[in-house]
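Here is the structure we will look at.
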Amino acid sequence: MTKSAKARLLVIEDDIDVQELLAAFFKPKGFDVTIYDNPLSVLNDFENQSLSCDVIITDLKLPEISGIEFTRKLKDLGIETPIILITAHNSAEVALESVQAGAFGFVLKPLSFPQLLVTVERALHFRSLATENASLKAVVQAQSTGQIEGVIGKSPAFKQVLDLAKRVAGSYANVFISGESGTGKEVIAKTIHNLGDRKEAPFVAINCSAIPENLLESELFGFAKGAFTGALDKKKGLFEEAEGGTLFLDEIGDLSLMLQAKLLRVIQEKKIKRIGENQLRDINVRILSATHKDLRKELAEKRFREDLFFRLNVIAIKIPSLRERREDILPLAEHFLKKFAALNGSGTKKFSKEAKESLLANPWRGNVRELENAIERAVVLSSFDIIGKEDLADPEISVSEHSTFFDFNQLTSASSKLPTVDELVNLYVRHVLQKNGGAKEKTAKELSIDRKTLYRRLHA
Amino acid sequence: MSSAVDELPSEMRERYLLRRREDLSKCLDALGALDFTQLSKVGHQVRGNAASFGFERLAPVGEELEQAAAVGDRERSMFLLNQFEAVLNEYRPL
């Protein structure tokens, strides 16, 4: 919780006078106070993800279930919000039972408001420390285990990939990685790099399909000063940038035949020549490449050079789709949930049972990337501690199904209502997202907006 | 405690006394029907909340009422309801 945000206090009390008293005391002190008179409704609303708060004050003697039983049930749901019990029963047994049930504090009636306020403030401090602790733990755990982003999976299919990646990491052989979009080809490439002798040297990645051909050539090989209009100074290419390390050429299936020939020469001679220069420079770079295309088909249709294919494809690794490793869906989802909850400072979050079922039932055609995006969206948009099935629904999936092309003449024709500037901005955001193949981070960066604004525009 | 009570809007304290008069009437009806649940509930609440509104003398009456109701003591309950009314009148005569 940030300092500017109001602390959310939930009061469970069936005595209307005490309800009013607590509201009258805490509201002027800047608290956002919500009142319930029935603990079962609170449990129900927590389960339905329609309730979230920072501290709970509950009476001990309540209708349906006691405050202690309520505390136990809330903890069973995995909700870690601190609970302060208030009671007129001044007994050591009750106090002990409350603490054993997981209550944060215990305040006697008649209420001493200074004492209650101190207890609530301590509970808020405790909650913020617990959130911070969880975030740091996740970071430290990831660092100490050498865990690499997204390399999570115990399925036999994925274990096979990891075993192969470990075995090839120590060699200098070129590795060709194939797999559907979003399966984590770059993650595996990075794993190979990090597990090998070259891990201290740079890992440089480039997506060959994202850059126009003439620009790609200068990106890969660099250029001399004055080599072409705009070459105001000399520039190293990515082969030189990756010296001693690894160059990962993603979507190599989209490389033009001209650049394929140049790449083949570099691999054979282990030398590069910057554009506009005659000098050959030695390079020591391991090449890992990947594509989602069927390169055998590209070879048959003469769109990819056979000699280059065999040079790159010394060792082939095929990453299974998420559909082929369904047992990895939940561990991956839990990993992304921790990661994004920590990034957003939104405390510990959990999936509801229905959300888990929905995650397992989804075909995940966009593979791990789609899963990651879905979890990030759910964390950003949900204000509750439990992520529900509805939080995982993907309203912008239709972006790829509907064209975002719009004609201004048609939009401004007399018969149609003029769109507002806001509506046009939303259309534009969807259009750019579609152009970027659903990559939200890239889209937000290109549009110079933050992720929250992006989500708001997509959901508008 | 007293400073917190001083901060309370006077209408809240007025409303509190008014609700206790309603409780008293309900309790008398309940006692006529030998229903001690209502008496126990009112006794418990008053025991816990009266002092928070600055009505300290009402709290022990609530506590005793809760105890008498727990054992189904009709005479003691009647006596305590009379005392309850007397304390209410001390704070705000009808």
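Chains: A, B, ... in order of the structure tokens. Residues: from 1 per chain. Ligands: from 1, in order shown.
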
Kindly determine which residues of chain A lie within 8 Å of chain B, considering only C-alpha atoms, and give the answer as a compact mmCIF listing (two decimals) with all heavy atoms, in the first residue's frame.
```
# COMPACT_ATOMS: atom_id res chain seq x y z
N ASP A 15 -23.20 -5.37 16.23
CA ASP A 15 -23.75 -4.32 17.09
C ASP A 15 -23.66 -3.00 16.33
O ASP A 15 -22.57 -2.47 16.09
CB ASP A 15 -22.91 -4.28 18.38
CG ASP A 15 -23.40 -3.22 19.35
OD1 ASP A 15 -24.15 -2.31 18.92
OD2 ASP A 15 -23.02 -3.29 20.53
N ASP A 17 -24.27 -0.01 17.14
CA ASP A 17 -23.64 1.12 17.83
C ASP A 17 -22.12 1.07 17.69
O ASP A 17 -21.48 2.09 17.47
CB ASP A 17 -24.02 1.10 19.32
CG ASP A 17 -25.50 1.32 19.50
OD1 ASP A 17 -25.96 2.42 19.18
OD2 ASP A 17 -26.21 0.37 19.91
N VAL A 18 -21.57 -0.14 17.82
CA VAL A 18 -20.10 -0.28 17.67
C VAL A 18 -19.70 -0.04 16.22
O VAL A 18 -18.66 0.57 15.94
CB VAL A 18 -19.62 -1.65 18.19
CG1 VAL A 18 -18.11 -1.79 18.04
CG2 VAL A 18 -20.00 -1.83 19.66
N ALA A 24 -17.05 6.25 12.88
CA ALA A 24 -16.87 7.66 13.29
C ALA A 24 -15.45 7.93 13.76
O ALA A 24 -14.94 9.04 13.61
CB ALA A 24 -17.85 8.00 14.42
N THR A 87 -13.33 -7.99 21.86
CA THR A 87 -14.25 -8.78 22.68
C THR A 87 -14.40 -8.21 24.09
O THR A 87 -13.50 -7.52 24.59
CB THR A 87 -13.76 -10.24 22.79
OG1 THR A 87 -14.66 -10.96 23.62
CG2 THR A 87 -12.37 -10.33 23.39
N ALA A 88 -15.54 -8.55 24.68
CA ALA A 88 -15.76 -8.15 26.07
C ALA A 88 -15.29 -9.25 27.02
O ALA A 88 -15.28 -9.07 28.24
CB ALA A 88 -17.25 -7.87 26.28
N LYS A 109 -13.07 -4.93 25.05
CA LYS A 109 -14.14 -3.93 25.19
C LYS A 109 -14.31 -3.64 26.67
O LYS A 109 -14.17 -4.58 27.47
CB LYS A 109 -15.44 -4.48 24.62
CG LYS A 109 -15.51 -4.53 23.11
CD LYS A 109 -16.87 -5.08 22.70
CE LYS A 109 -17.02 -5.21 21.21
NZ LYS A 109 -18.31 -5.85 20.84
N PRO A 110 -14.64 -2.46 27.11
CA PRO A 110 -14.88 -1.29 26.28
C PRO A 110 -13.62 -0.86 25.54
O PRO A 110 -12.52 -0.91 26.11
CB PRO A 110 -15.32 -0.23 27.28
CG PRO A 110 -14.81 -0.68 28.60
CD PRO A 110 -14.78 -2.16 28.54
N LEU A 111 -13.83 -0.46 24.29
CA LEU A 111 -12.70 -0.18 23.42
C LEU A 111 -11.91 1.03 23.87
O LEU A 111 -12.48 2.09 24.13
CB LEU A 111 -13.21 0.05 21.99
CG LEU A 111 -13.85 -1.16 21.32
CD1 LEU A 111 -14.50 -0.75 20.01
CD2 LEU A 111 -12.82 -2.26 21.08
N SER A 112 -10.60 0.84 23.95
CA SER A 112 -9.72 1.98 24.17
C SER A 112 -9.25 2.37 22.76
O SER A 112 -8.50 1.63 22.12
CB SER A 112 -8.54 1.55 25.04
OG SER A 112 -7.46 2.41 24.80
N PHE A 113 -9.72 3.52 22.29
CA PHE A 113 -9.43 3.88 20.90
C PHE A 113 -7.95 4.13 20.62
O PHE A 113 -7.45 3.73 19.56
CB PHE A 113 -10.31 5.04 20.45
CG PHE A 113 -11.68 4.56 20.11
CD1 PHE A 113 -12.69 4.57 21.06
CD2 PHE A 113 -11.95 4.03 18.87
CE1 PHE A 113 -13.95 4.08 20.76
CE2 PHE A 113 -13.20 3.53 18.56
CZ PHE A 113 -14.20 3.56 19.51
N PRO A 114 -7.22 4.77 21.54
CA PRO A 114 -5.78 4.91 21.26
C PRO A 114 -5.12 3.54 21.09
O PRO A 114 -4.30 3.33 20.21
CB PRO A 114 -5.24 5.64 22.49
CG PRO A 114 -6.42 6.34 23.06
CD PRO A 114 -7.61 5.48 22.77
```

message = List the spatial neighbours of A:Leu330 as a PyMOL selection string - criterion: any atom at most 9 Å away, only C-alpha atoms, same-chain residues fewer than 6 positions off excluded.
response = chain A and resi 356+359-360

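Taking atom CA of A:Gly196 and atom CA of A:Leu162 as the two end points, the separation is 13.3 Å.
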
task = Do a neighbour search on A:Lys442 at 12 Å with only C-alpha atoms, toss out local chain neighbours closer than 3 positions, and write the hits as a PyMOL selection string.
result = chain A and resi 210+429+432-439+445-451+454

Dump as a compact mmCIF listing (two decimals), in the first residue's frame, selection limited to all heavy atoms:
```
# COMPACT_ATOMS: atom_id res chain seq x y z
N ALA A 210 11.73 -8.62 -37.47
CA ALA A 210 11.23 -7.33 -36.99
C ALA A 210 11.93 -6.14 -37.62
O ALA A 210 11.51 -5.01 -37.45
CB ALA A 210 11.38 -7.27 -35.47
N VAL A 429 -4.61 2.11 -30.25
CA VAL A 429 -3.85 1.23 -29.34
C VAL A 429 -4.06 -0.23 -29.74
O VAL A 429 -3.12 -1.02 -29.83
CB VAL A 429 -4.28 1.49 -27.87
CG1 VAL A 429 -3.71 0.42 -26.94
CG2 VAL A 429 -3.82 2.86 -27.40
N VAL A 432 -2.05 -1.00 -32.93
CA VAL A 432 -0.62 -1.19 -32.71
C VAL A 432 -0.36 -2.53 -32.02
O VAL A 432 0.57 -3.26 -32.36
CB VAL A 432 -0.02 -0.02 -31.89
CG1 VAL A 432 1.46 -0.25 -31.62
CG2 VAL A 432 -0.21 1.29 -32.64
N LEU A 433 -1.25 -2.90 -31.09
CA LEU A 433 -1.10 -4.18 -30.40
C LEU A 433 -1.19 -5.33 -31.40
O LEU A 433 -0.42 -6.28 -31.36
CB LEU A 433 -2.18 -4.33 -29.32
CG LEU A 433 -2.11 -5.63 -28.53
CD1 LEU A 433 -0.91 -5.64 -27.58
CD2 LEU A 433 -3.37 -5.86 -27.72
N GLN A 434 -2.15 -5.20 -32.30
CA GLN A 434 -2.32 -6.25 -33.32
C GLN A 434 -1.07 -6.34 -34.19
O GLN A 434 -0.58 -7.42 -34.50
CB GLN A 434 -3.55 -5.94 -34.18
CG GLN A 434 -3.85 -7.05 -35.17
CD GLN A 434 -4.98 -6.69 -36.11
OE1 GLN A 434 -5.61 -5.64 -35.96
NE2 GLN A 434 -5.26 -7.55 -37.05
N LYS A 435 -0.55 -5.16 -34.56
CA LYS A 435 0.66 -5.11 -35.39
C LYS A 435 1.83 -5.79 -34.70
O LYS A 435 2.67 -6.41 -35.33
CB LYS A 435 1.02 -3.64 -35.69
CG LYS A 435 0.98 -3.30 -37.16
CD LYS A 435 1.43 -1.89 -37.38
CE LYS A 435 2.90 -1.84 -37.73
NZ LYS A 435 3.63 -0.70 -37.25
N ASN A 436 1.85 -5.66 -33.38
CA ASN A 436 2.95 -6.25 -32.60
C ASN A 436 2.66 -7.68 -32.16
O ASN A 436 3.33 -8.20 -31.27
CB ASN A 436 3.24 -5.38 -31.36
CG ASN A 436 3.94 -4.10 -31.74
OD1 ASN A 436 4.62 -4.04 -32.76
ND2 ASN A 436 3.78 -3.06 -30.95
N GLY A 437 1.65 -8.26 -32.76
CA GLY A 437 1.34 -9.66 -32.47
C GLY A 437 0.94 -9.91 -31.03
O GLY A 437 1.19 -10.97 -30.48
N GLY A 438 0.33 -8.89 -30.41
CA GLY A 438 -0.17 -9.06 -29.04
C GLY A 438 0.89 -8.78 -27.97
O GLY A 438 0.62 -8.95 -26.78
N ALA A 439 2.08 -8.34 -28.37
CA ALA A 439 3.15 -8.08 -27.38
C ALA A 439 2.86 -6.75 -26.68
O ALA A 439 3.08 -5.67 -27.26
CB ALA A 439 4.50 -8.06 -28.06
N LYS A 445 5.63 0.42 -24.88
CA LYS A 445 6.89 1.16 -25.06
C LYS A 445 6.82 2.03 -26.32
O LYS A 445 7.16 3.21 -26.30
CB LYS A 445 8.03 0.15 -25.17
CG LYS A 445 9.36 0.70 -24.70
CD LYS A 445 10.36 -0.42 -24.65
CE LYS A 445 11.76 0.15 -24.50
NZ LYS A 445 12.78 -0.87 -24.60
N GLU A 446 6.31 1.41 -27.40
CA GLU A 446 6.23 2.15 -28.66
C GLU A 446 5.29 3.34 -28.56
O GLU A 446 5.51 4.38 -29.16
CB GLU A 446 5.72 1.21 -29.77
CG GLU A 446 6.83 0.39 -30.38
CD GLU A 446 6.34 -0.47 -31.54
OE1 GLU A 446 5.15 -0.36 -31.93
OE2 GLU A 446 7.14 -1.27 -32.01
N LEU A 447 4.22 3.16 -27.78
CA LEU A 447 3.22 4.23 -27.67
C LEU A 447 3.55 5.20 -26.54
O LEU A 447 2.79 6.14 -26.29
CB LEU A 447 1.83 3.61 -27.44
CG LEU A 447 1.27 2.78 -28.60
CD1 LEU A 447 0.00 2.07 -28.18
CD2 LEU A 447 1.01 3.67 -29.80
N SER A 448 4.65 4.93 -25.83
CA SER A 448 5.06 5.76 -24.68
C SER A 448 3.95 5.88 -23.64
O SER A 448 3.64 6.96 -23.13
CB SER A 448 5.46 7.17 -25.14
OG SER A 448 6.54 7.09 -26.01
N ILE A 449 3.32 4.76 -23.35
CA ILE A 449 2.32 4.74 -22.27
C ILE A 449 2.69 3.61 -21.32
O ILE A 449 3.41 2.69 -21.71
CB ILE A 449 0.87 4.55 -22.80
CG1 ILE A 449 0.75 3.28 -23.65
CG2 ILE A 449 0.39 5.76 -23.57
CD1 ILE A 449 -0.66 2.97 -24.12
N ASP A 450 2.20 3.69 -20.07
CA ASP A 450 2.51 2.61 -19.15
C ASP A 450 1.51 1.47 -19.35
O ASP A 450 0.50 1.62 -20.05
CB ASP A 450 2.57 3.08 -17.69
CG ASP A 450 1.28 3.71 -17.23
OD1 ASP A 450 0.23 3.28 -17.73
OD2 ASP A 450 1.32 4.62 -16.40
N ARG A 451 1.84 0.31 -18.72
CA ARG A 451 1.01 -0.89 -18.94
C ARG A 451 -0.42 -0.70 -18.48
O ARG A 451 -1.37 -1.16 -19.09
CB ARG A 451 1.64 -2.09 -18.23
CG ARG A 451 2.80 -2.65 -18.98
CD ARG A 451 3.41 -3.77 -18.21
NE ARG A 451 3.72 -3.32 -16.85
CZ ARG A 451 4.40 -4.04 -15.99
NH1 ARG A 451 4.78 -5.24 -16.29
NH2 ARG A 451 4.69 -3.58 -14.79
N LEU A 454 -2.31 1.10 -21.04
CA LEU A 454 -2.55 0.18 -22.16
C LEU A 454 -3.77 -0.70 -21.88
O LEU A 454 -4.68 -0.82 -22.70
CB LEU A 454 -1.31 -0.69 -22.40
CG LEU A 454 -1.44 -1.68 -23.56
CD1 LEU A 454 -1.19 -0.99 -24.89
CD2 LEU A 454 -0.47 -2.83 -23.42
```

Find the spatial neighbours of A:Glu277, counting only C-alpha atoms, within a cut-off of 8 Å - ignore same-chain residues fewer than 5 positions away - and output them as a PDB file with all heavy atoms, in the first residue's frame.
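Final output, around_14.pdb:
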```pdb
ATOM      1  N   PHE A 223      28.787  -0.838 -39.746  1.00  0.00           N
ATOM      2  CA  PHE A 223      29.122  -0.050 -40.943  1.00  0.00           C
ATOM      3  C   PHE A 223      30.247   0.946 -40.646  1.00  0.00           C
ATOM      4  O   PHE A 223      30.497   1.289 -39.491  1.00  0.00           O
ATOM      5  CB  PHE A 223      27.884   0.660 -41.508  1.00  0.00           C
ATOM      6  CG  PHE A 223      27.114   1.473 -40.506  1.00  0.00           C
ATOM      7  CD1 PHE A 223      27.512   2.762 -40.161  1.00  0.00           C
ATOM      8  CD2 PHE A 223      25.970   0.938 -39.912  1.00  0.00           C
ATOM      9  CE1 PHE A 223      26.795   3.495 -39.238  1.00  0.00           C
ATOM     10  CE2 PHE A 223      25.242   1.681 -38.985  1.00  0.00           C
ATOM     11  CZ  PHE A 223      25.658   2.968 -38.644  1.00  0.00           C
ATOM     12  N   ALA A 224      30.881   1.371 -41.758  1.00  0.00           N
ATOM     13  CA  ALA A 224      31.942   2.374 -41.641  1.00  0.00           C
ATOM     14  C   ALA A 224      31.317   3.757 -41.735  1.00  0.00           C
ATOM     15  O   ALA A 224      30.200   3.897 -42.255  1.00  0.00           O
ATOM     16  CB  ALA A 224      32.945   2.179 -42.776  1.00  0.00           C
ATOM     17  N   ALA A 227      29.400   5.127 -44.953  1.00  0.00           N
ATOM     18  CA  ALA A 227      29.070   3.969 -45.799  1.00  0.00           C
ATOM     19  C   ALA A 227      27.776   4.197 -46.572  1.00  0.00           C
ATOM     20  O   ALA A 227      27.601   3.685 -47.677  1.00  0.00           O
ATOM     21  CB  ALA A 227      28.942   2.717 -44.953  1.00  0.00           C
TER      22      ALA A 227
END
```

task = Would you return as a PyMOL selection string the members of stretch 258-434 of chain A that DSSP assigns to helix (DSSP H, G or I) on this structure's backbone?
result = chain A and resi 258-269+295-300+306-312+322-344+353-361+367-381+389-392+395-400+408-411+421-434

task = For B:Leu31, list every protein, DNA or RNA residue within 12 Å, evaluated using only C-alpha atoms, and leave out those in the same chain fewer than 2 positions away; present the list as a PyMOL selection string.
result = chain B and resi 23-29+33-40+65+68-69+72-81

Generate the output file for the selected residues, C-alpha atoms, as a PDB file, in the first residue's frame.
```pdb
ATOM      1  CA  ASP B  23     -33.963  -2.506  23.839  1.00  0.00           C
ATOM      2  CA  LEU B  24     -35.551  -2.078  27.266  1.00  0.00           C
ATOM      3  CA  SER B  25     -39.032  -2.299  25.804  1.00  0.00           C
ATOM      4  CA  LYS B  26     -38.124  -5.412  23.759  1.00  0.00           C
ATOM      5  CA  CYS B  27     -36.519  -7.017  26.821  1.00  0.00           C
ATOM      6  CA  LEU B  28     -39.620  -6.478  28.942  1.00  0.00           C
ATOM      7  CA  ASP B  29     -41.748  -8.163  26.249  1.00  0.00           C
ATOM      8  CA  ALA B  33     -42.612 -14.602  27.203  1.00  0.00           C
ATOM      9  CA  LEU B  34     -39.690 -16.096  29.205  1.00  0.00           C
ATOM     10  CA  ASP B  35     -37.412 -15.620  26.194  1.00  0.00           C
ATOM     11  CA  PHE B  36     -33.980 -15.001  27.712  1.00  0.00           C
ATOM     12  CA  THR B  37     -32.103 -14.880  24.395  1.00  0.00           C
ATOM     13  CA  GLN B  38     -33.017 -11.231  23.790  1.00  0.00           C
ATOM     14  CA  LEU B  39     -31.966 -10.295  27.343  1.00  0.00           C
ATOM     15  CA  SER B  40     -28.653 -12.075  26.991  1.00  0.00           C
ATOM     16  CA  LEU B  65     -28.258  -8.933  32.926  1.00  0.00           C
ATOM     17  CA  ALA B  68     -29.013 -13.582  34.929  1.00  0.00           C
ATOM     18  CA  ALA B  69     -30.353 -14.394  31.445  1.00  0.00           C
ATOM     19  CA  GLY B  72     -32.859 -18.055  33.238  1.00  0.00           C
ATOM     20  CA  ASP B  73     -33.304 -16.073  36.479  1.00  0.00           C
ATOM     21  CA  ARG B  74     -36.594 -14.228  35.863  1.00  0.00           C
ATOM     22  CA  GLU B  75     -36.702 -12.229  39.113  1.00  0.00           C
ATOM     23  CA  ARG B  76     -33.115 -11.081  38.906  1.00  0.00           C
ATOM     24  CA  SER B  77     -33.622 -10.159  35.265  1.00  0.00           C
ATOM     25  CA  MET B  78     -36.680  -8.057  36.154  1.00  0.00           C
ATOM     26  CA  PHE B  79     -34.733  -6.302  38.890  1.00  0.00           C
ATOM     27  CA  LEU B  80     -31.868  -5.559  36.485  1.00  0.00           C
ATOM     28  CA  LEU B  81     -34.197  -4.237  33.779  1.00  0.00           C
TER      29      LEU B  81
END
```

Report the closest atom pair, with its distance in Å rounded to one decimal, for each residue of stretch 58-156 of chain A that has an atom no farther than 9 Å from stretch 386-389 of chain A; count only C-alpha atoms, sort by chain and then rising residue number, and write it as CSV.
```
residue,atom,partner,partner_atom,distance
A:Leu77,CA,A:Ile386,CA,9.0
A:Gly78,CA,A:Ile386,CA,8.5
A:Ile79,CA,A:Ile386,CA,8.1
```

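Within the 8 Å cut-off around A:Val161, using only C-alpha atoms and omitting residues fewer than 5 positions from it on the same chain, the listed residues are A:Ile317, A:Lys318, A:Ile319.
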